[in-house]
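S.K.: Data: run.csv, CSV, C-alpha atoms and all ligand atoms.
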chain,number,residue,atom,x,y,z
A,1,MET,CA,5.3,40.7,213.8
A,2,PHE,CA,3.6,37.8,215.6
A,3,THR,CA,-0.1,38.2,216.1
A,4,SER,CA,-2.0,36.1,218.6
A,5,PRO,CA,-5.1,34.2,217.5
A,6,PRO,CA,-8.4,35.7,218.7
A,7,ARG,CA,-9.3,34.6,222.2
A,8,THR,CA,-12.5,32.9,221.1
A,9,GLY,CA,-10.6,30.6,218.8
A,10,ARG,CA,-7.7,30.0,221.1
A,11,ARG,CA,-9.1,26.9,222.7
A,12,ALA,CA,-9.9,25.3,219.4
A,13,LEU,CA,-6.4,26.2,218.1
A,14,GLN,CA,-4.7,24.8,221.2
A,15,ILE,CA,-6.6,21.5,220.7
A,16,ALA,CA,-5.7,21.4,217.0
A,17,VAL,CA,-2.0,22.2,217.6
A,18,ALA,CA,-1.9,19.7,220.5
A,19,GLY,CA,-3.4,17.1,218.2
A,20,LEU,CA,-0.8,17.7,215.5
A,21,LEU,CA,2.1,17.8,218.0
A,22,LEU,CA,0.9,14.7,219.8
A,23,THR,CA,0.6,12.9,216.4
A,24,ALA,CA,4.1,14.0,215.5
A,25,VAL,CA,5.5,12.9,218.9
A,26,ALA,CA,3.6,9.6,218.6
A,27,VAL,CA,5.1,8.9,215.2
A,28,VAL,CA,8.6,9.5,216.6
A,29,GLY,CA,7.9,7.9,220.0
A,30,VAL,CA,6.3,4.8,218.7
A,31,VAL,CA,9.1,4.2,216.3
A,32,THR,CA,12.1,5.2,218.3
A,33,GLY,CA,10.9,4.6,221.9
A,34,ALA,CA,11.8,8.2,222.5
A,35,ASP,CA,9.2,8.6,225.3
A,36,GLY,CA,7.4,11.5,223.7
A,37,VAL,CA,10.4,13.7,223.2
A,38,LEU,CA,10.7,15.2,219.8
A,39,PRO,CA,14.4,15.9,219.2
A,40,GLU,CA,15.7,18.4,216.7
A,41,GLY,CA,15.6,16.8,213.2
A,42,ALA,CA,13.7,13.8,214.6
A,43,SER,CA,13.6,10.8,212.4
A,44,ALA,CA,11.4,7.8,212.1
A,45,PHE,CA,12.3,4.8,210.0
A,46,GLY,CA,15.4,6.7,209.1
A,47,VAL,CA,13.3,9.6,207.7
A,48,ALA,CA,13.9,13.1,209.0
A,49,PHE,CA,10.8,15.2,209.6
A,50,ALA,CA,10.7,19.0,209.6
A,51,VAL,CA,7.7,21.3,209.5
A,52,ASN,CA,8.0,24.1,207.0
A,53,ARG,CA,4.8,25.9,207.8
A,54,GLY,CA,2.2,25.4,210.5
A,55,TRP,CA,-0.2,27.9,212.0
A,56,ARG,CA,-0.6,31.2,210.3
A,57,SER,CA,-2.1,34.5,211.4
A,58,THR,CA,-5.0,35.9,209.4
A,59,GLU,CA,-2.6,38.8,208.4
A,60,LEU,CA,0.0,36.4,207.0
A,61,GLN,CA,-2.6,34.4,205.1
A,62,ALA,CA,-4.1,37.6,203.6
A,63,ARG,CA,-0.6,38.7,202.5
A,64,LEU,CA,0.1,35.3,201.0
A,65,LEU,CA,-3.2,35.4,199.0
A,66,ARG,CA,-2.4,38.9,197.8
A,67,GLU,CA,1.0,37.8,196.6
A,68,ALA,CA,-0.4,34.7,194.9
A,69,ILE,CA,-3.0,36.8,193.0
A,70,ALA,CA,-0.2,39.0,191.8
A,71,GLU,CA,1.9,36.0,190.9
A,72,TYR,CA,-0.8,33.9,189.2
A,73,GLY,CA,-2.6,36.8,187.6
A,74,SER,CA,-6.1,36.1,188.9
A,75,GLU,CA,-8.0,35.2,192.0
A,76,ALA,CA,-9.3,31.9,190.5
A,77,GLU,CA,-5.8,30.7,189.6
A,78,ALA,CA,-4.4,31.8,193.0
A,79,ALA,CA,-7.2,29.9,194.8
A,80,ARG,CA,-5.7,26.7,193.4
A,81,TRP,CA,-2.6,27.3,195.6
A,82,VAL,CA,-3.5,29.6,198.5
A,83,ALA,CA,-6.7,29.5,200.6
A,84,SER,CA,-8.5,32.6,201.8
A,85,VAL,CA,-8.2,33.8,205.4
A,86,GLY,CA,-11.6,32.3,206.4
A,87,THR,CA,-11.0,28.8,204.9
A,88,SER,CA,-7.3,28.0,205.4
A,89,ALA,CA,-6.6,25.0,207.5
A,90,HIS,CA,-3.3,26.7,208.4
A,91,VAL,CA,-5.2,29.6,209.9
A,92,SER,CA,-7.4,27.2,211.9
A,93,GLY,CA,-4.3,25.3,213.1
A,94,ASP,CA,-5.2,22.0,211.4
A,95,ALA,CA,-2.5,21.8,208.8
A,96,VAL,CA,1.3,21.5,208.4
A,97,ASP,CA,3.5,21.6,205.4
A,98,ILE,CA,6.2,19.0,205.7
A,99,ASP,CA,9.7,19.6,204.4
A,100,GLY,CA,11.7,16.8,202.6
A,101,SER,CA,10.7,14.4,199.9
A,102,ASP,CA,11.6,11.3,202.1
A,103,ALA,CA,9.3,12.5,204.9
A,104,VAL,CA,6.6,13.3,202.4
A,105,SER,CA,6.8,9.9,200.8
A,106,TRP,CA,6.8,8.2,204.2
A,107,LEU,CA,3.7,10.1,205.2
A,108,SER,CA,2.1,9.2,201.9
A,109,GLY,CA,2.3,5.5,202.8
A,110,SER,CA,2.0,5.6,206.6
A,111,GLY,CA,0.4,9.0,207.6
A,112,ALA,CA,-3.2,7.6,207.7
A,113,ALA,CA,-2.2,5.2,210.5
A,114,TYR,CA,-1.4,8.3,212.6
A,115,GLY,CA,-4.4,10.4,211.5
A,116,LEU,CA,-2.4,12.5,209.1
A,117,CYS,CA,-3.8,12.9,205.5
A,118,GLN,CA,-2.7,14.5,202.3
A,119,VAL,CA,-5.7,16.6,201.2
A,120,TYR,CA,-4.7,18.1,197.8
A,121,GLY,CA,-3.2,16.2,194.8
A,122,ASN,CA,-1.2,19.3,193.9
A,123,GLU,CA,0.3,19.8,197.4
A,124,PRO,CA,2.0,16.6,198.4
A,125,TRP,CA,3.7,18.4,201.4
A,126,HIS,CA,0.4,19.6,202.9
A,127,TYR,CA,-1.0,17.3,205.7
A,128,GLU,CA,-4.1,17.8,207.8
A,129,LEU,CA,-5.2,16.1,211.0
A,130,ARG,CA,-7.9,13.5,210.3
A,131,PRO,CA,-8.3,11.4,213.4
A,132,ALA,CA,-10.9,9.1,211.7
A,133,ALA,CA,-8.2,8.1,209.2
A,134,VAL,CA,-6.7,5.8,211.8
A,135,GLN,CA,-9.7,3.5,211.5
A,136,GLN,CA,-11.1,4.4,208.0
A,137,GLY,CA,-8.1,5.5,206.0
A,138,CYS,CA,-7.8,9.0,204.4
A,139,PRO,CA,-10.6,10.5,202.4
A,140,ALA,CA,-10.2,10.9,198.6
A,141,GLN,CA,-8.0,13.8,197.7
A,142,TYR,CA,-9.1,17.0,195.9
A,143,ALA,CA,-7.0,17.8,192.8
A,144,ASP,CA,-6.4,21.3,194.3
A,145,PRO,CA,-7.9,23.6,196.9
A,146,SER,CA,-10.3,25.1,194.5
A,147,GLU,CA,-12.2,21.8,194.4
A,148,ASP,CA,-12.5,21.7,198.3
A,149,PRO,CA,-16.1,22.5,199.4
A,150,ARG,CA,-14.7,24.0,202.6
A,151,MET,CA,-13.1,26.7,200.4
A,152,GLY,CA,-16.5,27.8,199.0
A,201,ZN,ZN,-0.2,23.8,203.5
In structure tokens, how does this file's structure come out?
Ligand SMILES: [Zn+2]
M.R.:
Amino acid sequence: MFTSPPRTGRRALQIAVAGLLLTAVAVVGVVTGADGVLPEGASAFGVAFAVNRGWRSTELQARLLREAIAEYGSEAEAARWVASVGTSAHVSGDAVDIDGSDAVSWLSGSGAAYGLCQVYGNEPWHYELRPAAVQQGCPAQYADPSEDPRMG
């Protein structure tokens, strides 16, 4: 069942989602001249983009973490793959998981120019919005989420 984000966080979520959508539209629009329209299976440089996962409710994030702990056998090992409810960039609306190795490899080379950065070495599909990357490039990656100070 879909659960709305809390009202207090809604504005921040809208801004974050709008940022991600605008960035995605900009990638497609700049390349194809598509005037801000993001068609189904949009492609840029001949690369098809699809978003596997975007915003998650706290309930879904909590369930994913419980499942990861069961699968990996410990909280410490699960933390390398799934963030907690309070720290997940998916819950705050700042992250997308991209589908398709061509799209992932295109973003790896060109994402920074659009403010999209890979954050974790073990999650090549996970991209977060980093507007400063347009000017400064993406920050150094963490090996996995357990090294991310935001996860503390
Ligand atoms: Zn992710």
S.K.: What does the list of residues within 10 Å of ligand ZN 201 (chain A) look like if you count all atoms listed in the file, written as JSON, numbers by chain?
M.R.: {"A": [52, 53, 54, 55, 81, 82, 83, 88, 89, 90, 91, 94, 95, 96, 97, 98, 118, 119, 120, 123, 124, 125, 126, 127, 128]}
S.K.: Just C-alpha atoms for this one: save the residues we selected as a PDB file, in the coordinates of the input.
M.R.:
ATOM      1  CA  ASN A  52       8.000  24.100 207.000  1.00  0.00           C
ATOM      2  CA  ARG A  53       4.800  25.900 207.800  1.00  0.00           C
ATOM      3  CA  GLY A  54       2.200  25.400 210.500  1.00  0.00           C
ATOM      4  CA  TRP A  55      -0.200  27.900 212.000  1.00  0.00           C
ATOM      5  CA  TRP A  81      -2.600  27.300 195.600  1.00  0.00           C
ATOM      6  CA  VAL A  82      -3.500  29.600 198.500  1.00  0.00           C
ATOM      7  CA  ALA A  83      -6.700  29.500 200.600  1.00  0.00           C
ATOM      8  CA  SER A  88      -7.300  28.000 205.400  1.00  0.00           C
ATOM      9  CA  ALA A  89      -6.600  25.000 207.500  1.00  0.00           C
ATOM     10  CA  HIS A  90      -3.300  26.700 208.400  1.00  0.00           C
ATOM     11  CA  VAL A  91      -5.200  29.600 209.900  1.00  0.00           C
ATOM     12  CA  ASP A  94      -5.200  22.000 211.400  1.00  0.00           C
ATOM     13  CA  ALA A  95      -2.500  21.800 208.800  1.00  0.00           C
ATOM     14  CA  VAL A  96       1.300  21.500 208.400  1.00  0.00           C
ATOM     15  CA  ASP A  97       3.500  21.600 205.400  1.00  0.00           C
ATOM     16  CA  ILE A  98       6.200  19.000 205.700  1.00  0.00           C
ATOM     17  CA  GLN A 118      -2.700  14.500 202.300  1.00  0.00           C
ATOM     18  CA  VAL A 119      -5.700  16.600 201.200  1.00  0.00           C
ATOM     19  CA  TYR A 120      -4.700  18.100 197.800  1.00  0.00           C
ATOM     20  CA  GLU A 123       0.300  19.800 197.400  1.00  0.00           C
ATOM     21  CA  PRO A 124       2.000  16.600 198.400  1.00  0.00           C
ATOM     22  CA  TRP A 125       3.700  18.400 201.400  1.00  0.00           C
ATOM     23  CA  HIS A 126       0.400  19.600 202.900  1.00  0.00           C
ATOM     24  CA  TYR A 127      -1.000  17.300 205.700  1.00  0.00           C
ATOM     25  CA  GLU A 128      -4.100  17.800 207.800  1.00  0.00           C
TER      26      GLU A 128
END
S.K.: Counting all atoms listed in the file, which residues come within 12 Å of (11.1, 14.5, 201.2), with the point read in the file's coordinates, and could you list them as a PyMOL selection string?
M.R.: chain A and resi 46-52+97-108+124-126
S.K.: Compute the distance from (-1.2, 34.0, 206.1) to each atom, counting all atoms listed in the file, keep the residues with any atom at most 12 Å away, and return them as a ChimeraX atom specification; use the coordinates of the file.
M.R.: /A:2-3,53-68,82-93
S.K.: When you count all atoms listed in the file, which of these residues is closest to A:Asp148: A:Ala79, A:Ala112, A:Cys117, A:Ala133?
M.R.: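 Checking each of A:Ala79, A:Ala112, A:Cys117, A:Ala133 against A:Asp148, counting all atoms listed in the file, the winner is A:Ala79.
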S.K.: One number please: atom CA of A:Ala113 to atom CA of A:Gly137, in Å, one decimal.
M.R.: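 So the two atoms, atom CA of A:Ala113 and atom CA of A:Gly137, lie 7.4 Å apart.
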S.K.: Using all atoms listed in the file, determine which residues lie at most 6 Å from A:Arg80, disregarding the query and same-chain residues fewer than 3 positions distant; provide the list as a PyMOL selection string.
M.R.: chain A and resi 77+144-146
S.K.: Report, in Å with one decimal, the straight-line distance from atom CA of A:Ala132 to atom CA of A:Gly115.
M.R.: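 It comes out at 6.6 Å.
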